[in-house]
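Have a look at query.txt below; it lists compact mmCIF, C-alpha atoms.
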# COMPACT_ATOMS: atom_id res chain seq x y z
CA MET S 836 -50.69 -121.97 7.89
CA HIS S 837 -49.05 -119.05 9.69
CA LEU S 838 -50.15 -119.76 13.25
CA LEU S 839 -48.64 -118.06 16.28
CA SER S 840 -46.21 -120.48 17.92
CA GLU S 841 -47.14 -119.40 21.45
CA ILE S 842 -50.78 -120.19 20.70
CA VAL S 843 -49.93 -123.56 19.18
CA ALA S 844 -47.99 -124.40 22.35
CA SER S 845 -51.02 -123.52 24.51
CA THR S 846 -53.50 -125.59 22.48
CA GLU S 847 -53.72 -128.44 24.99
CA ALA S 848 -54.55 -126.07 27.85
CA ILE S 849 -57.28 -124.37 25.79
CA GLN S 850 -58.58 -127.80 24.76
CA ASP S 851 -58.91 -128.70 28.45
CA ILE S 852 -61.04 -125.58 28.97
CA ARG S 853 -63.18 -126.50 25.96
CA ARG S 854 -63.78 -130.03 27.18
CA ASN S 855 -64.51 -128.81 30.69
CA ILE S 856 -67.24 -126.56 29.28
CA HIS S 857 -68.52 -129.37 27.04
CA ALA S 858 -68.88 -131.68 30.03
CA HIS S 859 -70.96 -129.10 31.92
CA PRO S 860 -73.41 -127.63 29.38
CA GLU S 861 -75.90 -124.98 30.46
CA LEU S 862 -78.98 -123.75 28.62
CA ARG S 863 -79.83 -120.18 27.69
CA PHE S 864 -79.66 -117.67 30.56
CA GLU S 865 -78.50 -120.50 32.87
CA GLU S 866 -74.80 -120.24 31.97
CA ASN S 867 -73.71 -119.51 35.56
CA ARG S 868 -70.89 -122.04 35.84
CA THR S 869 -69.62 -121.16 32.38
CA ALA S 870 -69.77 -117.44 33.16
CA ASP S 871 -67.87 -118.02 36.42
CA LEU S 872 -65.18 -119.95 34.54
CA VAL S 873 -64.86 -117.19 31.93
CA ALA S 874 -64.80 -114.36 34.47
CA GLU S 875 -62.23 -116.05 36.68
CA ALA S 876 -59.95 -116.73 33.71
CA LEU S 877 -60.17 -113.18 32.40
CA SER S 878 -59.56 -111.72 35.85
CA SER S 879 -56.53 -113.94 36.42
CA TRP S 880 -54.99 -112.50 33.25
CA GLY S 881 -55.48 -108.92 34.39
CA ILE S 882 -58.46 -108.21 32.15
CA THR S 883 -61.20 -106.01 33.61
CA VAL S 884 -64.39 -108.06 33.97
CA PHE S 885 -68.03 -106.93 33.82
CA ARG S 886 -70.81 -109.34 34.84
CA GLY S 887 -74.57 -109.53 34.46
CA MET S 888 -75.03 -107.90 31.07
CA GLY S 889 -77.76 -109.89 29.32
CA LYS S 890 -78.36 -111.72 32.63
CA THR S 891 -75.48 -114.21 32.46
CA GLY S 892 -73.21 -112.45 29.96
CA VAL S 893 -69.56 -111.64 30.66
CA VAL S 894 -67.55 -108.82 29.11
CA GLY S 895 -63.81 -108.35 29.40
CA ARG S 896 -61.99 -105.13 28.55
CA LEU S 897 -58.29 -105.10 27.69
CA ASP S 898 -56.60 -101.75 27.05
CA GLY S 899 -53.37 -101.64 25.08
CA ASP S 900 -50.16 -100.14 26.42
CA LEU S 901 -49.87 -97.61 23.59
CA GLY S 902 -52.71 -95.34 24.65
CA ALA S 903 -56.22 -94.58 23.46
CA GLY S 904 -57.43 -95.66 20.07
CA LYS S 905 -60.11 -97.73 18.38
CA MET S 906 -62.20 -100.35 20.14
CA ILE S 907 -62.84 -103.77 18.62
CA GLY S 908 -65.45 -106.25 19.88
CA LEU S 909 -64.90 -110.02 19.64
CA ARG S 910 -67.89 -112.20 20.48
CA ALA S 911 -68.34 -115.85 21.49
CA ASP S 912 -71.57 -117.59 22.53
CA MET S 913 -71.72 -119.77 25.67
CA ASP S 914 -75.02 -121.67 25.80
CA ALA S 915 -75.82 -125.30 25.03
CA LEU S 916 -78.89 -127.07 23.62
CA PRO S 917 -81.68 -129.13 25.26
CA LEU S 918 -80.42 -132.35 23.68
CA GLN S 919 -79.37 -135.73 25.08
CA GLU S 920 -75.80 -136.45 24.00
CA HIS S 921 -75.08 -139.79 22.26
CA ASN S 922 -71.30 -139.65 22.70
CA ASN S 923 -69.54 -141.46 25.53
CA PHE S 924 -65.98 -140.12 25.46
CA ALA S 925 -64.43 -138.66 28.61
CA HIS S 926 -65.83 -135.14 28.17
CA THR S 927 -69.41 -136.22 27.42
CA SER S 928 -72.12 -134.07 28.99
CA ARG S 929 -72.70 -134.73 32.67
CA ASN S 930 -75.97 -132.81 32.62
CA PRO S 931 -78.78 -135.06 31.32
CA GLY S 932 -80.77 -133.57 28.47
CA LYS S 933 -78.22 -130.82 27.85
CA MET S 934 -75.42 -130.82 25.29
CA HIS S 935 -72.97 -128.55 23.51
CA ALA S 936 -74.17 -129.68 20.10
CA CYS S 937 -73.36 -126.45 18.27
CA GLY S 938 -69.74 -125.81 19.29
CA HIS S 939 -70.27 -122.88 21.63
CA ASP S 940 -67.86 -124.61 24.00
CA GLY S 941 -65.19 -124.28 21.30
CA HIS S 942 -66.13 -120.68 20.53
CA THR S 943 -65.82 -119.71 24.20
CA ALA S 944 -62.52 -121.54 24.65
CA MET S 945 -60.97 -119.98 21.54
CA LEU S 946 -61.89 -116.46 22.60
CA LEU S 947 -60.44 -117.16 26.05
CA GLY S 948 -57.23 -118.29 24.37
CA ALA S 949 -57.10 -115.03 22.45
CA ALA S 950 -57.75 -113.04 25.61
CA GLN S 951 -54.86 -114.75 27.39
CA TYR S 952 -52.45 -114.14 24.51
CA LEU S 953 -53.42 -110.49 24.08
CA SER S 954 -53.16 -109.89 27.82
CA ASN S 955 -49.52 -110.99 27.54
CA HIS S 956 -48.91 -108.87 24.44
CA ARG S 957 -50.45 -105.46 25.01
CA ASP S 958 -48.36 -103.63 22.46
CA PHE S 959 -51.35 -102.14 20.69
CA LYS S 960 -53.29 -98.88 20.74
CA GLY S 961 -56.92 -98.93 21.81
CA ALA S 962 -59.00 -101.62 23.46
CA VAL S 963 -60.24 -105.15 22.85
CA ILE S 964 -63.70 -106.01 24.17
CA PHE S 965 -64.24 -109.74 24.73
CA ILE S 966 -67.99 -110.42 24.58
CA PHE S 967 -69.09 -113.76 26.05
CA GLN S 968 -72.75 -113.90 25.17
CA PRO S 969 -75.50 -116.07 26.66
CA ALA S 970 -78.62 -117.47 25.03
CA GLU S 971 -77.81 -117.55 21.34
CA GLU S 972 -80.01 -120.64 20.98
CA GLY S 973 -83.42 -118.99 20.81
CA GLY S 974 -82.99 -116.52 23.66
CA ALA S 975 -81.66 -113.55 21.67
CA GLY S 976 -78.88 -113.03 24.18
CA ALA S 977 -77.16 -110.57 21.86
CA ARG S 978 -80.26 -108.37 21.89
CA GLU S 979 -80.45 -108.60 25.68
CA MET S 980 -76.83 -107.52 26.08
CA ILE S 981 -77.42 -104.58 23.76
CA LYS S 982 -80.57 -103.61 25.70
CA ASP S 983 -78.48 -103.68 28.88
CA GLY S 984 -76.11 -101.12 27.40
CA LEU S 985 -73.36 -103.20 25.79
CA PHE S 986 -72.47 -100.65 23.14
CA GLU S 987 -73.11 -97.64 25.35
CA GLN S 988 -70.60 -98.91 27.90
CA PHE S 989 -68.27 -100.34 25.25
CA PRO S 990 -68.67 -98.21 22.08
CA CYS S 991 -66.97 -100.62 19.70
CA ASP S 992 -65.93 -99.32 16.30
CA ALA S 993 -66.60 -102.80 14.86
CA VAL S 994 -67.65 -106.24 16.09
CA PHE S 995 -66.66 -109.67 14.82
CA GLY S 996 -68.10 -113.14 15.31
CA LEU S 997 -67.17 -116.69 14.34
CA HIS S 998 -68.91 -120.07 14.09
CA ASN S 999 -67.48 -123.50 13.38
CA TRP S 1000 -69.02 -125.03 10.25
CA PRO S 1001 -69.24 -128.79 9.68
CA GLY S 1002 -68.84 -129.76 6.03
CA LEU S 1003 -66.39 -126.94 5.35
CA ALA S 1004 -62.84 -128.32 5.21
CA GLU S 1005 -61.01 -128.29 8.53
CA GLY S 1006 -59.30 -124.96 9.13
CA HIS S 1007 -60.74 -123.27 6.04
CA PHE S 1008 -62.76 -120.06 6.30
CA GLY S 1009 -65.97 -119.00 4.60
CA VAL S 1010 -67.59 -115.57 4.47
CA THR S 1011 -69.63 -113.32 2.21
CA ALA S 1012 -70.58 -109.66 2.23
CA GLY S 1013 -74.25 -108.84 2.63
CA PRO S 1014 -76.79 -111.46 3.77
CA MET S 1015 -75.03 -114.52 5.17
CA MET S 1016 -77.68 -116.01 7.46
CA ALA S 1017 -81.45 -115.71 7.36
CA SER S 1018 -84.00 -114.13 9.62
CA SER S 1019 -85.74 -116.56 11.97
CA ASN S 1020 -89.49 -116.18 12.45
CA ALA S 1021 -92.25 -118.38 13.81
CA PHE S 1022 -95.98 -118.52 13.22
CA GLU S 1023 -98.79 -120.13 15.19
CA ILE S 1024 -102.25 -120.51 13.68
CA THR S 1025 -105.34 -121.66 15.54
CA ILE S 1026 -108.30 -122.63 13.37
CA THR S 1027 -111.60 -122.62 15.27
CA GLY S 1028 -114.67 -124.29 13.83
CA LYS S 1029 -117.58 -126.28 15.26
CA GLY S 1030 -116.99 -129.79 16.48
CA GLY S 1031 -119.40 -132.69 16.16
CA HIS S 1032 -119.90 -136.35 15.33
CA ALA S 1033 -117.56 -137.54 12.58
CA ALA S 1034 -120.44 -139.51 11.02
CA LEU S 1035 -122.45 -136.29 10.67
CA PRO S 1036 -119.90 -133.84 9.24
CA HIS S 1037 -122.59 -131.62 7.70
CA ASN S 1038 -123.44 -130.44 11.22
CA SER S 1039 -119.89 -129.23 11.85
CA ALA S 1040 -117.42 -126.65 10.58
CA ASP S 1041 -114.36 -128.86 10.28
CA PRO S 1042 -111.09 -127.18 11.43
CA VAL S 1043 -109.03 -130.19 10.33
CA LEU S 1044 -110.12 -129.94 6.69
CA THR S 1045 -109.72 -126.18 6.89
CA GLY S 1046 -106.24 -126.49 8.37
CA ALA S 1047 -105.19 -128.90 5.64
CA GLN S 1048 -106.26 -126.37 3.03
CA VAL S 1049 -104.35 -123.63 4.84
CA VAL S 1050 -101.15 -125.72 4.87
CA LEU S 1051 -101.36 -126.26 1.12
CA ALA S 1052 -102.31 -122.66 0.36
CA LEU S 1053 -99.41 -121.20 2.34
CA GLN S 1054 -96.92 -122.80 -0.05
CA SER S 1055 -98.34 -120.66 -2.83
CA ILE S 1056 -96.70 -117.65 -1.15
CA ILE S 1057 -93.25 -119.04 -1.98
CA THR S 1058 -94.14 -120.10 -5.53
CA ARG S 1059 -96.63 -117.45 -6.61
CA ASN S 1060 -96.23 -114.28 -4.50
CA LYS S 1061 -92.51 -114.02 -3.87
CA ARG S 1062 -90.14 -113.20 -6.71
CA PRO S 1063 -88.23 -116.36 -7.72
CA VAL S 1064 -84.89 -114.57 -7.25
CA ASP S 1065 -85.69 -113.75 -3.58
CA ALA S 1066 -84.69 -116.65 -1.36
CA ALA S 1067 -87.14 -117.64 1.37
CA VAL S 1068 -88.42 -120.69 3.22
CA LEU S 1069 -91.88 -121.29 4.71
CA SER S 1070 -92.09 -124.62 6.52
CA VAL S 1071 -95.13 -125.94 8.38
CA THR S 1072 -93.70 -128.11 11.15
CA GLN S 1073 -96.69 -128.74 13.42
CA PHE S 1074 -100.33 -129.76 12.92
CA HIS S 1075 -102.28 -130.82 15.99
CA ALA S 1076 -105.98 -131.58 16.10
CA GLY S 1077 -108.46 -134.00 17.62
CA GLU S 1078 -108.30 -136.76 20.22
CA THR S 1079 -110.28 -139.66 18.80
CA SER S 1080 -111.41 -141.11 15.48
CA ASN S 1081 -115.15 -140.40 15.62
CA VAL S 1082 -115.16 -136.76 16.73
CA ILE S 1083 -114.57 -133.66 14.61
CA PRO S 1084 -112.71 -131.34 16.97
CA ASP S 1085 -113.50 -127.71 17.66
CA SER S 1086 -110.04 -126.47 16.71
CA ALA S 1087 -106.76 -127.26 14.98
CA PHE S 1088 -103.27 -125.85 15.53
CA ILE S 1089 -100.67 -125.16 12.82
CA GLY S 1090 -97.13 -124.01 13.53
CA GLY S 1091 -94.00 -123.37 11.50
CA THR S 1092 -91.10 -121.14 10.56
CA VAL S 1093 -90.31 -118.49 7.96
CA ARG S 1094 -86.74 -117.65 6.87
CA THR S 1095 -85.72 -114.74 4.63
CA PHE S 1096 -82.63 -112.70 3.80
CA THR S 1097 -84.47 -109.37 3.64
CA LEU S 1098 -87.13 -107.67 5.72
CA GLU S 1099 -89.02 -106.70 2.54
CA VAL S 1100 -89.59 -110.35 1.64
CA LEU S 1101 -90.49 -111.09 5.26
CA ASP S 1102 -93.11 -108.32 5.22
CA LEU S 1103 -94.63 -109.81 2.07
CA ILE S 1104 -94.75 -113.35 3.48
CA GLU S 1105 -96.28 -112.30 6.79
CA GLN S 1106 -99.01 -110.26 5.10
CA ARG S 1107 -99.88 -113.00 2.62
CA LEU S 1108 -99.86 -115.62 5.40
CA ARG S 1109 -102.39 -113.57 7.33
CA ASP S 1110 -104.58 -112.87 4.28
CA ILE S 1111 -104.60 -116.46 3.00
CA THR S 1112 -105.24 -118.00 6.41
CA HIS S 1113 -108.17 -115.73 7.25
CA GLN S 1114 -109.76 -116.09 3.82
CA VAL S 1115 -109.40 -119.88 3.63
CA ALA S 1116 -110.82 -120.22 7.14
CA ALA S 1117 -113.78 -118.03 6.22
CA ALA S 1118 -114.43 -120.12 3.11
CA PHE S 1119 -114.96 -123.15 5.36
CA ASP S 1120 -117.04 -121.32 7.98
CA CYS S 1121 -114.16 -121.26 10.44
CA GLN S 1122 -112.16 -118.53 12.11
CA ALA S 1123 -108.39 -118.13 12.36
CA GLU S 1124 -106.18 -116.58 15.02
CA ILE S 1125 -102.58 -115.89 13.98
CA GLN S 1126 -99.45 -115.10 15.95
CA PHE S 1127 -96.37 -114.18 13.91
CA SER S 1128 -93.12 -113.74 15.86
CA ARG S 1129 -90.05 -112.07 14.36
CA ASN S 1130 -87.26 -113.65 16.38
CA TYR S 1131 -83.89 -112.96 14.72
CA PRO S 1132 -83.26 -110.52 11.85
CA PRO S 1133 -81.13 -111.49 8.84
CA LEU S 1134 -77.39 -111.48 9.50
CA ILE S 1135 -75.95 -108.86 7.14
CA ASN S 1136 -72.15 -108.63 6.94
CA HIS S 1137 -70.64 -105.20 6.24
CA GLU S 1138 -68.48 -105.10 3.13
CA LYS S 1139 -65.56 -103.08 4.55
CA GLU S 1140 -65.21 -105.40 7.55
CA VAL S 1141 -65.53 -108.49 5.32
CA VAL S 1142 -62.63 -107.26 3.18
CA PHE S 1143 -60.56 -106.59 6.31
CA ALA S 1144 -61.34 -109.93 7.93
CA SER S 1145 -60.68 -111.77 4.65
CA GLU S 1146 -57.19 -110.27 4.50
CA VAL S 1147 -56.49 -111.55 8.01
CA MET S 1148 -57.87 -115.00 7.19
CA SER S 1149 -55.82 -115.21 3.99
CA GLU S 1150 -52.68 -114.21 5.84
CA LEU S 1151 -53.38 -116.92 8.40
CA VAL S 1152 -54.38 -119.96 6.30
CA GLY S 1153 -53.64 -118.92 2.72
CA LYS S 1154 -55.91 -117.19 0.25
CA GLN S 1155 -56.78 -120.50 -1.42
CA ASN S 1156 -58.36 -121.68 1.85
CA VAL S 1157 -60.66 -118.66 2.23
CA ASN S 1158 -63.97 -118.63 0.37
CA THR S 1159 -65.17 -115.02 0.25
CA SER S 1160 -68.40 -115.87 -1.58
CA ILE S 1161 -69.67 -118.80 0.47
CA ASP S 1162 -73.34 -119.66 -0.01
CA PRO S 1163 -75.58 -118.00 2.59
CA THR S 1164 -77.52 -120.35 4.85
CA MET S 1165 -81.14 -120.31 5.97
CA GLY S 1166 -79.92 -120.95 9.51
CA ALA S 1167 -80.18 -117.97 11.86
CA GLU S 1168 -77.82 -116.34 14.34
CA ASP S 1169 -78.47 -113.57 16.86
CA PHE S 1170 -75.11 -111.90 16.16
CA ALA S 1171 -77.34 -110.25 13.56
CA PHE S 1172 -78.55 -107.89 16.31
CA MET S 1173 -75.00 -106.68 16.89
CA LEU S 1174 -74.52 -106.06 13.17
CA LEU S 1175 -77.61 -103.86 13.20
CA ASP S 1176 -75.90 -101.61 15.75
CA LYS S 1177 -72.27 -101.82 14.66
CA PRO S 1178 -70.32 -102.56 11.47
CA GLY S 1179 -68.77 -105.99 11.53
CA CYS S 1180 -68.27 -109.41 10.03
CA TYR S 1181 -69.31 -112.97 10.91
CA VAL S 1182 -67.31 -115.88 9.49
CA PHE S 1183 -67.46 -119.67 9.29
CA LEU S 1184 -64.45 -121.75 10.36
CA GLY S 1185 -64.45 -125.23 8.81
CA ASN S 1186 -65.03 -128.02 11.35
CA GLY S 1187 -64.37 -130.84 8.85
CA ASP S 1188 -66.58 -133.86 8.24
CA GLY S 1189 -66.40 -135.50 11.67
CA ASP S 1190 -63.27 -137.63 11.35
CA HIS S 1191 -61.74 -135.71 14.26
CA ARG S 1192 -64.08 -137.22 16.85
CA SER S 1193 -62.57 -139.27 19.65
CA VAL S 1194 -63.26 -142.97 20.16
CA GLY S 1195 -66.63 -143.19 21.82
CA HIS S 1196 -68.53 -140.73 19.68
CA GLY S 1197 -72.09 -141.49 18.64
CA MET S 1198 -73.00 -143.13 15.36
CA GLY S 1199 -74.78 -140.11 13.93
CA PRO S 1200 -73.26 -137.45 11.66
CA CYS S 1201 -71.17 -134.67 13.15
CA HIS S 1202 -73.63 -131.97 12.15
CA LEU S 1203 -74.68 -128.98 14.22
CA HIS S 1204 -77.56 -129.72 16.62
CA ASN S 1205 -76.92 -133.45 16.29
CA PRO S 1206 -76.49 -135.65 19.41
CA SER S 1207 -73.28 -137.14 17.93
CA TYR S 1208 -71.64 -133.76 17.28
CA ASP S 1209 -68.35 -132.69 18.83
CA PHE S 1210 -66.25 -129.58 18.24
CA ASN S 1211 -62.99 -130.20 16.39
CA ASP S 1212 -60.14 -129.28 18.76
CA ALA S 1213 -57.74 -129.02 15.83
CA LEU S 1214 -59.43 -125.67 15.13
CA ILE S 1215 -58.30 -124.16 18.42
CA PRO S 1216 -54.94 -122.72 17.29
CA VAL S 1217 -56.54 -121.51 14.04
CA GLY S 1218 -59.44 -119.76 15.76
CA VAL S 1219 -57.28 -118.24 18.50
CA SER S 1220 -54.70 -117.01 15.99
CA TYR S 1221 -57.49 -115.49 13.89
CA TRP S 1222 -58.88 -113.55 16.85
CA VAL S 1223 -55.42 -112.34 17.86
CA LYS S 1224 -54.35 -111.26 14.37
CA LEU S 1225 -57.73 -109.64 13.75
CA ALA S 1226 -57.44 -107.52 16.90
CA GLN S 1227 -53.80 -106.65 16.34
CA ARG S 1228 -54.30 -105.68 12.71
CA TYR S 1229 -57.45 -103.66 13.47
CA LEU S 1230 -55.86 -101.72 16.30
CA GLU S 1231 -52.63 -101.05 14.45
CA LYS S 1232 -54.72 -99.25 11.81
CA ASN S 1233 -55.23 -96.41 14.32

Any chance you could put this one into structure tokens?
Amino acid sequence: MHLLSEIVASTEAIQDIRRNIHAHPELRFEENRTADLVAEALSSWGITVFRGMGKTGVVGRLDGDLGAGKMIGLRADMDALPLQEHNNFAHTSRNPGKMHACGHDGHTAMLLGAAQYLSNHRDFKGAVIFIFQPAEEGGAGAREMIKDGLFEQFPCDAVFGLHNWPGLAEGHFGVTAGPMMASSNAFEITITGKGGHAALPHNSADPVLTGAQVVLALQSIITRNKRPVDAAVLSVTQFHAGETSNVIPDSAFIGGTVRTFTLEVLDLIEQRLRDITHQVAAAFDCQAEIQFSRNYPPLINHEKEVVFASEVMSELVGKQNVNTSIDPTMGAEDFAFMLLDKPGCYVFLGNGDGDHRSVGHGMGPCHLHNPSYDFNDALIPVGVSYWVKLAQRYLEKN
């Protein structure tokens, strides 16, 4: 690896920041302590700080000493998950029911490390915009920052994001042009029938039987309506009905998620979901009410920026450790909103298989959104060096 020696020397200090954030997790749009920590650090390094964008977001602007030029945006997410941590090492969460189980503590710390280094080495032309985003976990914080004028106030020429990735070898990178993460969408279906005595079902219109038929029929969308070459997932994850064994209830509730890599496939699935649900309900003398929420769009990487970022990654860790055609994932990420507005690239940084965890970690796997997860601090000098080299190389292309 060709890491920057100054960054390697500062790894322990950045690790302390990461573990401080891990020990004090905050949920979406509640990241007040984290935002204070970020803002104070940026300000102490002479970086101009802007607060309140996207409620609890923080933006830092660093202008180079060589005059006006391009503007590059680097983004890290700050929020934690509503999860009870199973680890008991020294930096375990001190906030019950809240945990940094996705590595946003590491993302924030690495971008802070890059901000500190670049503030000490301003020999570039243009500006670096450090975007510390709230509410990635279901709150669409990226969209909220954009709605609050992020790219009007900071008209970035390109934006870049990064996420640690368990299962990918430690310190390796993965990326692909085009769709890399799926859209995230939710549906809620309420089937209304006519309740009655379970021993006299002929007097009722059974929403439970109807709902069961709906669940089965919805899977036909994936196997019979969608082209086999178009990836998509439709998962029913909730079915609630009734309160006792001898009563047919009046209604049943079905909930689930839909994931796609294109809006065209999403349009097809939503329309067929509505058609099938209404028609099946009618066949059983019931009615259906449907709510379909489009939460996050697909994350689509831009080819030019992928090529550029891949060159930086290869220079940093070696071309053999950069997979430029990594398999897309059906997970979702609200950095997708930023890529709708600006060209850019989102990459995975390998977190390893969990062997890095300190004594006292939980017994579960070190997967994202798992109560035994912990960010791999060995990634800190790699991630910080990537951000620094990315900004320097992009701005020297002026």

### Between CA of Thr1045 (chain S) and CA of Ala1118 (chain S) - distance in Å to one decimal
8.6 Å

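Going from CA of Phe965 (chain S) to CA of Val893 (chain S) covers 8.2 Å.
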
### Task
Counting all atoms listed in the file, find the residues whose atoms lie at most 9 Å from (-66.7, -119.6, 6.4) (file coordinates) and write them out as number ranges by chain.
S: 997-1000, 1003, 1007-1011, 1157-1161, 1181-1185

Selection near Pro1200 (chain S), 12 Å with all atoms listed in the file, sequence-local residues under 2 positions removed, as a short mmCIF file (atom, residue, chain, number, x, y, z; two decimals) with C-alpha atoms, in the coordinates of the input:
data_model
loop_
_atom_site.label_atom_id
_atom_site.label_comp_id
_atom_site.auth_asym_id
_atom_site.auth_seq_id
_atom_site.Cartn_x
_atom_site.Cartn_y
_atom_site.Cartn_z
CA HIS S 921 -75.08 -139.79 22.26
CA ASN S 922 -71.30 -139.65 22.70
CA ALA S 936 -74.17 -129.68 20.10
CA PRO S 1001 -69.24 -128.79 9.68
CA GLY S 1002 -68.84 -129.76 6.03
CA GLY S 1187 -64.37 -130.84 8.85
CA ASP S 1188 -66.58 -133.86 8.24
CA GLY S 1189 -66.40 -135.50 11.67
CA ASP S 1190 -63.27 -137.63 11.35
CA HIS S 1191 -61.74 -135.71 14.26
CA ARG S 1192 -64.08 -137.22 16.85
CA HIS S 1196 -68.53 -140.73 19.68
CA GLY S 1197 -72.09 -141.49 18.64
CA MET S 1198 -73.00 -143.13 15.36
CA HIS S 1202 -73.63 -131.97 12.15
CA LEU S 1203 -74.68 -128.98 14.22
CA HIS S 1204 -77.56 -129.72 16.62
CA ASN S 1205 -76.92 -133.45 16.29
CA PRO S 1206 -76.49 -135.65 19.41
CA SER S 1207 -73.28 -137.14 17.93
CA TYR S 1208 -71.64 -133.76 17.28
CA ASP S 1209 -68.35 -132.69 18.83
#

### Query
Which of these, S:Ser1220, S:Thr846, S:Thr1097, S:Ser1018, has the shortest distance to Ala1171 (chain S) once you count all atoms listed in the file?
S:Ser1018

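Note that CA of Met945 (chain S) and CA of Pro969 (chain S) are 15.9 Å apart.
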
Env of Val963 (chain S): 9 Å cut, atoms = only C-alpha atoms, seq-sep filter 3 positions within chain, self excluded. Answer as an mmCIF file with C-alpha atoms, keeping the file's coordinate frame.
data_model
loop_
_atom_site.group_PDB
_atom_site.id
_atom_site.type_symbol
_atom_site.label_atom_id
_atom_site.label_comp_id
_atom_site.auth_asym_id
_atom_site.auth_seq_id
_atom_site.Cartn_x
_atom_site.Cartn_y
_atom_site.Cartn_z
ATOM 1 C CA GLY S 895 -63.810 -108.350 29.400
ATOM 2 C CA ARG S 896 -61.990 -105.130 28.550
ATOM 3 C CA LEU S 897 -58.290 -105.100 27.690
ATOM 4 C CA ASP S 898 -56.600 -101.750 27.050
ATOM 5 C CA GLY S 899 -53.370 -101.640 25.080
ATOM 6 C CA LYS S 905 -60.110 -97.730 18.380
ATOM 7 C CA MET S 906 -62.200 -100.350 20.140
ATOM 8 C CA ILE S 907 -62.840 -103.770 18.620
ATOM 9 C CA GLY S 908 -65.450 -106.250 19.880
ATOM 10 C CA LEU S 909 -64.900 -110.020 19.640
ATOM 11 C CA ALA S 950 -57.750 -113.040 25.610
ATOM 12 C CA LEU S 953 -53.420 -110.490 24.080
ATOM 13 C CA CYS S 991 -66.970 -100.620 19.700
ATOM 14 C CA ALA S 1226 -57.440 -107.520 16.900
ATOM 15 C CA LEU S 1230 -55.860 -101.720 16.300
#

Give, as AutoDock Vina command-line options, the centre coordinates and the x, y and z edge lengths in Å to one decimal for an axis-aligned box around all listed atoms of region 1082-1091 of chain S, padded by 5 Å on each side.
--center_x -104.6 --center_y -130.1 --center_z 14.6 --size_x 31.2 --size_y 23.4 --size_z 16.2

### Residue contacts of Ala1033 (chain S) (12 Å, only C-alpha atoms) excluding same-chain residues fewer than 4 positions away, as a PyMOL selection string
chain S and resi 1029+1037-1041+1043+1077+1079-1085

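You can rank S:Gly1218, S:Gly904, S:Gly976, S:Gly1046 by their closest distance to Thr943 (chain S) using all atoms listed in the file, and at the top of that list sits S:Gly1218.
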
Applying 12 Å and all atoms listed in the file, which residues near Glu1140 (chain S) remain after dropping the ones on its own chain fewer than 5 positions away? List them as an mmCIF file with C-alpha atoms, in the frame of the given file.
data_model
loop_
_atom_site.group_PDB
_atom_site.id
_atom_site.type_symbol
_atom_site.label_atom_id
_atom_site.label_comp_id
_atom_site.auth_asym_id
_atom_site.auth_seq_id
_atom_site.Cartn_x
_atom_site.Cartn_y
_atom_site.Cartn_z
ATOM 1 C CA ILE S 907 -62.840 -103.770 18.620
ATOM 2 C CA ASP S 992 -65.930 -99.320 16.300
ATOM 3 C CA ALA S 993 -66.600 -102.800 14.860
ATOM 4 C CA VAL S 994 -67.650 -106.240 16.090
ATOM 5 C CA PHE S 995 -66.660 -109.670 14.820
ATOM 6 C CA GLY S 996 -68.100 -113.140 15.310
ATOM 7 C CA VAL S 1010 -67.590 -115.570 4.470
ATOM 8 C CA THR S 1011 -69.630 -113.320 2.210
ATOM 9 C CA ALA S 1012 -70.580 -109.660 2.230
ATOM 10 C CA GLY S 1013 -74.250 -108.840 2.630
ATOM 11 C CA ILE S 1135 -75.950 -108.860 7.140
ATOM 12 C CA SER S 1145 -60.680 -111.770 4.650
ATOM 13 C CA GLU S 1146 -57.190 -110.270 4.500
ATOM 14 C CA VAL S 1147 -56.490 -111.550 8.010
ATOM 15 C CA LEU S 1174 -74.520 -106.060 13.170
ATOM 16 C CA LYS S 1177 -72.270 -101.820 14.660
ATOM 17 C CA PRO S 1178 -70.320 -102.560 11.470
ATOM 18 C CA GLY S 1179 -68.770 -105.990 11.530
ATOM 19 C CA CYS S 1180 -68.270 -109.410 10.030
ATOM 20 C CA TYR S 1181 -69.310 -112.970 10.910
ATOM 21 C CA VAL S 1182 -67.310 -115.880 9.490
ATOM 22 C CA LEU S 1225 -57.730 -109.640 13.750
ATOM 23 C CA TYR S 1229 -57.450 -103.660 13.470
#

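Closest to Ala844 (chain S) among S:Ile1215, S:Leu1069, S:Ala944, S:Arg1228 is S:Ile1215, based on only C-alpha atoms.
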
### Message
Set the distance at 10 Å and use all atoms listed in the file: which residues neighbour Gly892 (chain S) once local chain neighbours fewer than 6 positions away are removed? I'd like the list as a list in words.
### Response
Phe864, Glu866, Asn867, Thr869, Ala870, Val873, Ala874, Phe885, Arg886, Asp912, Met913, Ile966, Phe967, Gln968, Pro969, Ala970, Gly976, Ala977, Glu979 and Met980 of chain S

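Proximity of S:Asp983, S:Asp900, S:Glu920, S:Glu1099 to Cys1201 (chain S), computed with all atoms listed in the file, is greatest for S:Glu920.
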
### Task
Tell me which of S:Glu971, S:Glu861, S:Glu841, S:Glu1005 sits closest to Leu1214 (chain S), counting only C-alpha atoms.
S:Glu1005

### Task
Could you check which of S:Val894, S:Leu1101, S:Ile856, S:Val1223 is closest to Ala1144 (chain S), using only C-alpha atoms?
S:Val1223
